[in-house]
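Chemist: One structure, pasted below without further comment.
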Amino acid sequence: MSDAEVIQPDGNPGAFDTLVLGIGNVLYADEGFGIRAVEALNARYAFPEDVRVMDGGTQGIFLLPWVCSARRLLIFDAVDFGMEPATLKLVRGDDVPCFMGAKKVSMHQAGFQEVLASADLTGSLPAGLALVGVQPKVLNDYGGSLTSGVRGRIDEAVEVACQVLREWNIEPLPREKPLAGTEQIGPVALDMREYELGRPVVEGGTP
Amino acid sequence: MASVTTPNGFQLDDSGTRVVVDPICRIEGHLRIEVNLDENNVIRNAVSTGNMWRGLEVILKGRDPRDAWAFTERICGVCTGVHALQSVRAVEDALNIEIPANANHIRNLMMLAQYSHDHIVHFYHLHALDWVDVVSALSADPKATSELQQSISKWPKSSPGYFSDVQNRLKKFVESGQLGPFANAYWGSPAYKLPPEANLMATTHYLEALEFQKEIVKIHTIFGGRNPHPNWVVGGMPCSINVADAGAVGAVNMVWLNMVSDIIDQTIAFTDQVYLPDLKAIASFYKDWGFGGGLSSKNVMSYGEFPAYANNHTNESLMLPNGAILNGDLGTVYDVDVRDPDQVQEFVAHSWYKYPDETAGLHPWDGVTEPNFEIGPNTVGTRTAIENIDEGAKYSWLKSPRWRGNAMEVGPLARYLVAYARGKEDIKEQVDSTLAELGLPITALFSTLGRTAARGLESQWCAWKMREVFDDMMANLKRGDMATANMEKFDPATWETDVKGVGYGEAPRGALGHWVHIKDTKIESYQCIVPSTWNASPRDPAGNIGAYEAALLGTPMANPEQPLEILRTIHSFDPCLACASHVMSHDGRELAVVKVR
């Protein structure tokens with residue numbers, strides 16, 4: 001069901017200190033982990049003005065302006081750690097760029113590793129870097145949602161992220177009311193519940 | 001095959017050495033190119049394979065048409081807004097919804113900003129490294145670089161100290177061993193022609209372009225709310241505007257509008273003083289590299305874009321006109337009608353799909369997307385590990401779109417040729433003066449460099465047009481018209497039960513159309529034909545080759561082990577296949593049958 005969403009200008013990419021960025025594609029099963037995690041984080045917690053919580057999609061090099069504007073960057077993504085499916089892992093500092101491209105889960109990571117390198121080249125790589133990654137199970141279920149194992153790690157991923165943010169002296173504030181439309185990080189139609197409700201039934205079983 | 005002539009006039013010869021480049025895109029998507037070289041290392045056969053399958057048609061079926069934009073925005077990692085725009089246009093067309101003047105202005109502003117931005121990113125971050133040798137920049141003399149800079153532009157960042165600082169930063173970066181964005185190039189290749197100073201200047205602007213991006217994206221965040229995926233709405237734009245001192249909280253107010261105006265000025269300055277002078281400087285060293293024209297001297301097409309008047313997509317209104325040119329005859333420009341079943345058709349004879357009759361094409365409203373992965377008898381390798389593809393059989397996940405049966409090139413060069421042939425004064429003047437400055441004839445445009453130049457000129461044109469559109473919008477607002485959306489027909493209860501619509505226009509990469517069929521308020525079918533499908537398409541049943549394949553023919557390679565010339569020409573199209581193609585599992589199995597609830 002669609003709502004006409006009137007939005008507010010959300011302008012200055014320079015006006016924040018910490019960027020919490022989910023990347024990936026919600027249309028590709030576990031490839032949507034980063035977006036779903038950042039969606040869950042935003043649904044549960046509010047943050048001070050200088051923290052930007054963003055759904056970065058698969059924008060690759062086009063995310064560079066935001067990455068370069070951040071002093072600290074926390075990323076959620078599906079990463080091939082070579083571990084059991086649905087394993088959650090926290091990576092920090094210099095290890096982040098390595099994991100973002102060692103074994104590419106999808107094309108967007110080729111782009112994102114380049115984003116971090118370009119940020120470094122311009123001298124604007126965020127000083128603080130952390131990655132909350134999950135080992136994906138299924139990526140080629142086009143139009144599908146997270147597999148149950150990966151979905152089961154969302155809560156933990158959110159809490160691990162909050163721990164990192166607290167170390168960065170940012171206190172996540174639990175939300176008391178459900179999100180208003182303008183507080184959501186993506187359009188309602190792509191919100192996990194709406195997205196799954198609208199999915200066609202696949203004969204022969206979903207992975 | 002050995003040697004054949006295609007119906008569209010190209011000579012193909014597959015007898016020589018086969019070279020494979022895979023993948024070829026530096027951004028989203030998967031594209032593979034195979035070529036055959038003759039004994040002089042000249043390309044005599046070219047094969048373009050899109051090797052991903054994506055079933056957008058599958059995931060949109062049964063969904064609310066007012067939500068389609070949000071999904072189409074995710075099919076591509078780069079062109080978010082352009083798909084969203086064609087999607088809302090398609091639904092508005094189906095439901096006969098007229099949008100207000102302000103919505104048209106805002107959409108134009110967002111698209112113009114996207115063009116300028118996208119072209120700048122393409123030139124500096126995705127294409128420049130095909131022409132600019134970053135490693136050579138390390139040996140440049142900063143003082144001579146400063147003199148070069150000051151001789152071509154009044155851009156203030158031009159002191160010897162500035163270039164020296166950048167050079168040192170670059171040195172440190174390269175010495176650290178983490179080449180990062182520069183890792184996949186062919187440094188030192190004899191195909192690079194720029195002196196070290198021009199290399200340092202261009203590399204410096206590569207870094208400045210990164211900085212500039214921070215500014216231009218703000219236009220999307222102001223009018224589109226969220227970033228980097230702006231919001232859209234069927235019926236207009238989902239933002240309210242308030243030019244009074246007091247008024248609605250959350251509206252786009254004068255503070256924001258002034259910021260937009262400033263960014264427009266900065267975009268004009270960057271394209272006038274950095275992008276265009278760089279382009280001309282680089283082009284002057286590659287004047288004798290006139291390869292890569294392909295289809296551009298024969299068949300080009302533009303759907304037209306930037307309607308000056310809301311809801312009017314005729315050439316009276318379009319700032320970049322609609323039209324098709326055949327056989328290089330700039331004296332005759334045909335009108336393109338995307339609704340006509342005989343004009344825009346897709347063929348699958350060489351694509352991994354199944355049609356009831358594969359000698360015929362289908363209009364997108366009647367489109368069928370049924371996967372059929374099979375490889376030809378002359379394939380070298382296996383289904384899961386193809387070494388050399390057999391282009392005599394099916395060989396791509398892209399369909400072959402054709403206009404009245406003709407393979408067409410689309411993109412900035414096609415748009416500029418159509419606009420030039422239609423006699424658009426602003427475009428003619430810009431093109432003619434640039435060619436005169438470089439001492440080149442109009443035929444020089446029919447090349448890889450011509451394509452790259454047209455993109456640069458268009459980026460500059462877009463920056464200027466943003467100023468015009470912004471001023472028109474402000475005048476309209478000052479007349480008291482604040483409407484940004486028409487919600488009269490937003491409620492599905494007001495819709496007819498069975499309607500079709502098309503949203504069409506030009507994305508930065510070329511002609512883009514979304515065709516939708518809405519039945520009982522839900523999407524019954526949805527088909528997109530995206531720019532890269534036109535350009536990267538495989539052969540059609542008649543044997544016509546597409547723009548990528550045509551553009552590579554006749555190009556000599558300095559060193560087949562370093563396929564820089566292939567990258568140069570393919571990158572000049574700004575390839576982006578994430579949306580053009582479709583994804584499948586590695587073992588080549590077909591998707592499960594889908595039933596809609």
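Each chain in the structure tokens gets a letter, A, B, ..., in the order shown, and its residues are numbered from 1; ligands are numbered from 1 in order too.
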Just the residues within 9 Å of A:Pro48, please, counting only C-alpha atoms, with nothing from its chain fewer than 5 positions along; format it as a VMD selection string.
Modeler: chain A and resid 170 to 173
Chemist: Could you give me, as a ChimeraX atom specification, the residues within 9 Å of stretch 147-154 of chain B, counting only C-alpha atoms and dropping anything in the same chain fewer than 5 positions from it?
Modeler: /B:142,159-160,197-198,201,272-274,277-278,281
Chemist: Next, write the just-selected residues to a file, as a short mmCIF file (atom, residue, chain, number, x, y, z; two decimals), in the first residue's frame, keeping C-alpha atoms as the atom set.
Modeler:
data_model
loop_
_atom_site.label_atom_id
_atom_site.label_comp_id
_atom_site.auth_asym_id
_atom_site.auth_seq_id
_atom_site.Cartn_x
_atom_site.Cartn_y
_atom_site.Cartn_z
CA PRO B 142 54.79 21.76 -10.91
CA SER B 159 49.83 27.88 -8.31
CA PRO B 160 53.05 25.84 -8.60
CA GLU B 197 52.27 18.20 -16.80
CA ALA B 198 48.90 17.52 -18.46
CA MET B 201 46.79 18.75 -14.04
CA ASP B 272 33.32 26.13 -17.61
CA GLN B 273 36.71 26.41 -15.91
CA VAL B 274 37.80 22.85 -15.16
CA PRO B 277 39.34 23.12 -20.53
CA ASP B 278 40.63 19.69 -19.41
CA ALA B 281 43.55 19.96 -23.49
#
Chemist: Hey, what's within 9 Å of A:Asp77 if we count only C-alpha atoms and toss same-chain stuff fewer than 3 positions away? As a list in words, please?
Modeler: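 Skipping anything fewer than 3 positions along the chain leaves Leu21, Gly22, Ile23, Gly24, Glu31, Gly32, Phe33, Gly34, Ile35, Ala37, Met100, Leu131, Val132, Gly133 and Val134 of chain A.
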Chemist: Between atom CA of B:Ala349 and atom CA of B:Asp540, what distance in Å does the model show, to one decimal?
Modeler: 6.2 Å
Chemist: Compare B:Arg226, B:Thr221, B:Ser261, B:Asp288 by their minimum atom-to-atom distance to A:Gly181, counting only C-alpha atoms, and give me the closest one.
Modeler: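 Among B:Arg226, B:Thr221, B:Ser261, B:Asp288, it is B:Arg226 that comes nearest to A:Gly181.
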Chemist: Go through B:Ile523, B:Met474, B:Val418, B:Ile97 one by one, measure the shortest atom-to-atom distance of each to chain A using only C-alpha atoms, and give the residue with the smallest value.
Modeler: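 Answer, going by the shortest atom-to-atom distance: B:Ile523.
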Chemist: Considering only C-alpha atoms, can you say which of A:Gly82, A:Gly186, A:Gly93, A:Pro126 comes closest to chain B?
Modeler: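 So, comparing all the options, the nearest one is A:Gly186.
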Chemist: Need the shell around stretch 307-319 of chain B: protein/DNA/RNA residues with any atom at most 10 Å away, counting only C-alpha atoms. Skip same-chain ones fewer than 6 positions apart. Format as a compact mmCIF listing (two decimals) with N, CA and C atoms, in the first residue's frame?
Modeler:
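Saved result, out33.txt, follows:
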# COMPACT_ATOMS: atom_id res chain seq x y z
N ARG B 89 6.51 8.82 -14.45
CA ARG B 89 5.93 9.28 -15.72
C ARG B 89 5.06 8.20 -16.35
N GLU B 92 1.83 8.05 -14.43
CA GLU B 92 1.04 9.26 -14.72
C GLU B 92 0.44 9.18 -16.12
N ASP B 93 1.20 8.65 -17.05
CA ASP B 93 0.70 8.51 -18.43
C ASP B 93 -0.48 7.54 -18.46
N ILE B 97 -2.59 11.61 -15.50
CA ILE B 97 -2.36 12.58 -14.44
C ILE B 97 -1.45 13.69 -14.97
N GLU B 98 -1.89 14.93 -14.81
CA GLU B 98 -1.05 16.06 -15.21
C GLU B 98 -0.33 16.60 -13.99
N ILE B 99 0.96 16.91 -14.14
CA ILE B 99 1.72 17.41 -12.99
C ILE B 99 1.79 18.94 -13.03
N PRO B 100 1.89 19.59 -11.87
CA PRO B 100 1.98 21.05 -11.84
C PRO B 100 3.31 21.58 -12.40
N ALA B 101 3.30 22.85 -12.77
CA ALA B 101 4.49 23.48 -13.36
C ALA B 101 5.71 23.36 -12.44
N ASN B 102 5.52 23.57 -11.14
CA ASN B 102 6.67 23.50 -10.22
C ASN B 102 7.29 22.10 -10.20
N ALA B 103 6.42 21.08 -10.26
CA ALA B 103 6.93 19.70 -10.24
C ALA B 103 7.81 19.47 -11.47
N ASN B 104 7.34 20.02 -12.61
CA ASN B 104 8.14 19.88 -13.83
C ASN B 104 9.49 20.59 -13.70
N HIS B 105 9.45 21.80 -13.13
CA HIS B 105 10.71 22.53 -12.93
C HIS B 105 11.66 21.76 -12.00
N ARG B 107 11.68 18.53 -11.29
CA ARG B 107 12.19 17.33 -11.95
C ARG B 107 13.31 17.69 -12.93
N ASN B 108 13.11 18.77 -13.68
CA ASN B 108 14.16 19.19 -14.61
C ASN B 108 15.45 19.55 -13.87
N ASP B 335 10.72 11.53 -36.28
CA ASP B 335 10.13 11.55 -34.94
C ASP B 335 10.11 10.13 -34.39
N ALA B 419 20.04 17.06 -31.68
CA ALA B 419 19.79 18.47 -31.40
C ALA B 419 20.42 19.36 -32.48
N ARG B 422 18.45 19.05 -35.61
CA ARG B 422 17.17 19.74 -35.45
C ARG B 422 17.36 21.27 -35.41
N LYS B 424 18.94 23.18 -33.04
CA LYS B 424 18.89 23.84 -31.72
C LYS B 424 20.07 24.82 -31.62
N ASP B 426 21.41 26.84 -29.32
CA ASP B 426 22.38 26.83 -28.20
C ASP B 426 23.37 25.68 -28.36
N ILE B 427 22.88 24.52 -28.80
CA ILE B 427 23.75 23.35 -28.95
C ILE B 427 24.69 23.56 -30.15
N LYS B 465 21.64 25.40 -18.15
CA LYS B 465 20.18 25.22 -18.18
C LYS B 465 19.58 25.23 -16.77
N VAL B 469 16.22 27.17 -15.68
CA VAL B 469 15.08 26.48 -15.09
C VAL B 469 14.81 27.01 -13.68
N ASP B 472 13.10 30.34 -13.97
CA ASP B 472 11.69 30.14 -14.37
C ASP B 472 10.85 29.68 -13.17
N TYR B 504 9.07 7.93 -20.65
CA TYR B 504 10.27 7.88 -21.49
C TYR B 504 10.98 9.21 -21.46
N GLY B 505 12.26 9.13 -21.71
CA GLY B 505 13.07 10.34 -21.71
C GLY B 505 14.52 9.92 -21.86
Chemist: So that I can see what lies close to stretch 67-73 of chain A, please list as a ChimeraX atom specification the residues with an atom at most 8 Å from it, counting only C-alpha atoms and leaving out residues fewer than 2 positions away in the same chain.
Modeler: /A:13-14,16-21,63-65,75,115-116,119,124-130
Chemist: Deliver the residues from the most recent selection as a file, using C-alpha atoms, as an mmCIF file, in the first residue's frame.
Modeler:
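Resulting contents of part_18.cif:
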data_model
loop_
_atom_site.group_PDB
_atom_site.id
_atom_site.type_symbol
_atom_site.label_atom_id
_atom_site.label_comp_id
_atom_site.auth_asym_id
_atom_site.auth_seq_id
_atom_site.Cartn_x
_atom_site.Cartn_y
_atom_site.Cartn_z
ATOM 1 C CA PRO A 13 26.084 16.304 3.551
ATOM 2 C CA GLY A 14 28.726 18.176 5.507
ATOM 3 C CA PHE A 16 27.378 15.555 10.454
ATOM 4 C CA ASP A 17 30.202 13.975 12.336
ATOM 5 C CA THR A 18 29.376 10.266 12.319
ATOM 6 C CA LEU A 19 27.915 8.339 9.423
ATOM 7 C CA VAL A 20 26.132 5.033 9.983
ATOM 8 C CA LEU A 21 25.839 3.547 6.536
ATOM 9 C CA LEU A 63 28.702 7.677 -1.718
ATOM 10 C CA LEU A 64 32.084 9.332 -1.617
ATOM 11 C CA PRO A 65 30.784 12.820 -0.720
ATOM 12 C CA ILE A 75 29.162 0.328 7.961
ATOM 13 C CA VAL A 115 35.424 4.827 -2.242
ATOM 14 C CA LEU A 116 37.572 4.211 0.851
ATOM 15 C CA ALA A 119 38.764 9.083 0.493
ATOM 16 C CA SER A 124 39.513 12.586 4.078
ATOM 17 C CA LEU A 125 39.261 8.958 5.107
ATOM 18 C CA PRO A 126 37.242 8.925 8.346
ATOM 19 C CA ALA A 127 39.526 8.589 11.372
ATOM 20 C CA GLY A 128 37.226 6.032 12.964
ATOM 21 C CA LEU A 129 36.128 3.031 10.903
ATOM 22 C CA ALA A 130 34.042 0.007 11.837
#
Chemist: Using only C-alpha atoms, can you tell me which of B:Ile442, B:Ala511, B:Val252, B:Ala454 comes closest to B:Val336?
Modeler: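 The answer is B:Ala511, which sits nearest to B:Val336.
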Chemist: Output as an MDAnalysis selection string all residues of stretch 47-200 of chain A that backbone DSSP marks as strand (DSSP E or B).
Modeler: chainID A and resid 51:57 72:78 88:92 128:134 142 144 173:174
Chemist: Residues at most 8 Å from A:Ala161, counting only C-alpha atoms, excluding those fewer than 4 positions away in the same chain, as a PyMOL selection string?
Modeler: chain A and resi 74+132+157+165
Chemist: Produce a file of the selected residues containing N, CA and C atoms, as a PDB file, in the first residue's frame.
Modeler:
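So out.pdb came out as:
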ATOM      1  N   LEU A  74      30.576   4.018  10.412  1.00  0.00           N
ATOM      2  CA  LEU A  74      30.182   2.651  10.781  1.00  0.00           C
ATOM      3  C   LEU A  74      29.363   2.078   9.634  1.00  0.00           C
ATOM      4  N   VAL A 132      30.174  -3.746  10.629  1.00  0.00           N
ATOM      5  CA  VAL A 132      29.424  -4.861  11.181  1.00  0.00           C
ATOM      6  C   VAL A 132      28.955  -5.679   9.985  1.00  0.00           C
ATOM      7  N   ALA A 157      23.344  -7.445  15.500  1.00  0.00           N
ATOM      8  CA  ALA A 157      24.107  -6.466  14.708  1.00  0.00           C
ATOM      9  C   ALA A 157      23.821  -5.056  15.205  1.00  0.00           C
ATOM     10  N   LEU A 165      29.210   2.659  18.769  1.00  0.00           N
ATOM     11  CA  LEU A 165      28.836   4.078  18.843  1.00  0.00           C
ATOM     12  C   LEU A 165      29.068   4.626  20.252  1.00  0.00           C
TER      13      LEU A 165
END
Chemist: Need to verify the contact set: B:Gly405, 8 Å, only C-alpha atoms, exclusion of same-chain residues closer than 3 positions in sequence. Can you return it as a ChimeraX atom specification?
Modeler: /B:343,345,402
Chemist: I need the alpha helix (DSSP H) residues of stretch 349-551 of chain B per DSSP on the backbone, written as a PyMOL selection string.
Modeler: chain B and resi 412-421+425-438+448-478+531-536+547-551
Chemist: Emit the selected residues as a PDB file, in the first residue's frame, including C-alpha atoms.
Modeler:
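Writing the result to again36.pdb gives the following:
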ATOM      1  CA  PRO B 412      25.125  12.231 -25.112  1.00  0.00           C
ATOM      2  CA  LEU B 413      26.610  12.086 -28.616  1.00  0.00           C
ATOM      3  CA  ALA B 414      23.319  10.831 -30.078  1.00  0.00           C
ATOM      4  CA  ARG B 415      21.411  13.585 -28.245  1.00  0.00           C
ATOM      5  CA  TYR B 416      23.832  16.224 -29.464  1.00  0.00           C
ATOM      6  CA  LEU B 417      23.681  15.013 -33.067  1.00  0.00           C
ATOM      7  CA  VAL B 418      19.867  15.006 -32.983  1.00  0.00           C
ATOM      8  CA  ALA B 419      19.786  18.472 -31.398  1.00  0.00           C
ATOM      9  CA  TYR B 420      22.360  19.733 -33.916  1.00  0.00           C
ATOM     10  CA  ALA B 421      20.411  18.294 -36.844  1.00  0.00           C
ATOM     11  CA  GLU B 425      20.809  27.119 -31.671  1.00  0.00           C
ATOM     12  CA  ASP B 426      22.379  26.826 -28.205  1.00  0.00           C
ATOM     13  CA  ILE B 427      23.752  23.355 -28.953  1.00  0.00           C
ATOM     14  CA  LYS B 428      24.931  24.273 -32.456  1.00  0.00           C
ATOM     15  CA  GLU B 429      26.815  27.266 -31.183  1.00  0.00           C
ATOM     16  CA  GLN B 430      28.489  25.302 -28.397  1.00  0.00           C
ATOM     17  CA  VAL B 431      29.505  22.454 -30.715  1.00  0.00           C
ATOM     18  CA  ASP B 432      30.698  24.672 -33.554  1.00  0.00           C
ATOM     19  CA  SER B 433      32.822  26.902 -31.330  1.00  0.00           C
ATOM     20  CA  THR B 434      34.459  23.922 -29.608  1.00  0.00           C
ATOM     21  CA  LEU B 435      35.287  22.244 -32.916  1.00  0.00           C
ATOM     22  CA  ALA B 436      36.638  25.529 -34.297  1.00  0.00           C
ATOM     23  CA  GLU B 437      38.866  25.952 -31.252  1.00  0.00           C
ATOM     24  CA  LEU B 438      40.330  22.481 -31.754  1.00  0.00           C
ATOM     25  CA  THR B 448      35.363   7.657 -29.081  1.00  0.00           C
ATOM     26  CA  LEU B 449      36.694  11.090 -28.288  1.00  0.00           C
ATOM     27  CA  GLY B 450      33.644  12.717 -29.896  1.00  0.00           C
ATOM     28  CA  ARG B 451      31.429  10.750 -27.545  1.00  0.00           C
ATOM     29  CA  THR B 452      33.539  11.847 -24.594  1.00  0.00           C
ATOM     30  CA  ALA B 453      33.493  15.445 -25.810  1.00  0.00           C
ATOM     31  CA  ALA B 454      29.711  15.468 -26.298  1.00  0.00           C
ATOM     32  CA  ARG B 455      29.307  14.327 -22.702  1.00  0.00           C
ATOM     33  CA  GLY B 456      31.476  17.191 -21.489  1.00  0.00           C
ATOM     34  CA  LEU B 457      29.641  19.757 -23.586  1.00  0.00           C
ATOM     35  CA  GLU B 458      26.337  18.424 -22.309  1.00  0.00           C
ATOM     36  CA  SER B 459      27.520  18.650 -18.705  1.00  0.00           C
ATOM     37  CA  GLN B 460      28.279  22.328 -19.271  1.00  0.00           C
ATOM     38  CA  TRP B 461      24.979  22.894 -21.132  1.00  0.00           C
ATOM     39  CA  CYS B 462      23.121  21.297 -18.195  1.00  0.00           C
ATOM     40  CA  ALA B 463      24.811  23.638 -15.735  1.00  0.00           C
ATOM     41  CA  TRP B 464      23.689  26.655 -17.766  1.00  0.00           C
ATOM     42  CA  LYS B 465      20.176  25.225 -18.179  1.00  0.00           C
ATOM     43  CA  MET B 466      19.872  24.742 -14.423  1.00  0.00           C
ATOM     44  CA  ARG B 467      20.178  28.509 -14.076  1.00  0.00           C
ATOM     45  CA  GLU B 468      17.371  29.089 -16.608  1.00  0.00           C
ATOM     46  CA  VAL B 469      15.076  26.481 -15.093  1.00  0.00           C
ATOM     47  CA  PHE B 470      15.737  27.775 -11.575  1.00  0.00           C
ATOM     48  CA  ASP B 471      14.882  31.323 -12.633  1.00  0.00           C
ATOM     49  CA  ASP B 472      11.689  30.138 -14.368  1.00  0.00           C
ATOM     50  CA  MET B 473      10.684  28.264 -11.235  1.00  0.00           C
ATOM     51  CA  MET B 474      11.329  31.273  -8.996  1.00  0.00           C
ATOM     52  CA  ALA B 475       9.241  33.451 -11.322  1.00  0.00           C
ATOM     53  CA  ASN B 476       6.415  30.942 -11.149  1.00  0.00           C
ATOM     54  CA  LEU B 477       6.625  30.779  -7.344  1.00  0.00           C
ATOM     55  CA  LYS B 478       6.569  34.568  -7.137  1.00  0.00           C
ATOM     56  CA  PRO B 531      20.357   2.926 -22.548  1.00  0.00           C
ATOM     57  CA  SER B 532      23.054   0.301 -22.148  1.00  0.00           C
ATOM     58  CA  THR B 533      20.756  -2.299 -23.714  1.00  0.00           C
ATOM     59  CA  TRP B 534      20.562  -0.194 -26.874  1.00  0.00           C
ATOM     60  CA  ASN B 535      24.309   0.320 -26.994  1.00  0.00           C
ATOM     61  CA  ALA B 536      25.575  -3.052 -25.751  1.00  0.00           C
ATOM     62  CA  ALA B 547      26.802   0.261 -30.984  1.00  0.00           C
ATOM     63  CA  TYR B 548      29.510  -1.312 -28.772  1.00  0.00           C
ATOM     64  CA  GLU B 549      30.395  -3.977 -31.300  1.00  0.00           C
ATOM     65  CA  ALA B 550      30.408  -1.464 -34.159  1.00  0.00           C
ATOM     66  CA  ALA B 551      32.534   1.061 -32.282  1.00  0.00           C
TER      67      ALA B 551
END
Chemist: Here is a test: counting only C-alpha atoms, which residue of A:Gly152, A:Gly144, A:Pro174, A:Pro136 is nearest to chain B?
Modeler: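 Of A:Gly152, A:Gly144, A:Pro174, A:Pro136, the one nearest chain B, counting only C-alpha atoms, is A:Gly144.
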Chemist: Smallest atom-to-atom distance to chain B: which of A:Gln163, A:Ala189, A:Glu49, A:Gln135, using only C-alpha atoms?
Modeler: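 Closest to chain B, using only C-alpha atoms: A:Ala189.
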Chemist: Measure the distance from atom CA of A:Thr87 to atom CA of A:Met192 in Å and round it to one decimal.
Modeler: 21.0 Å
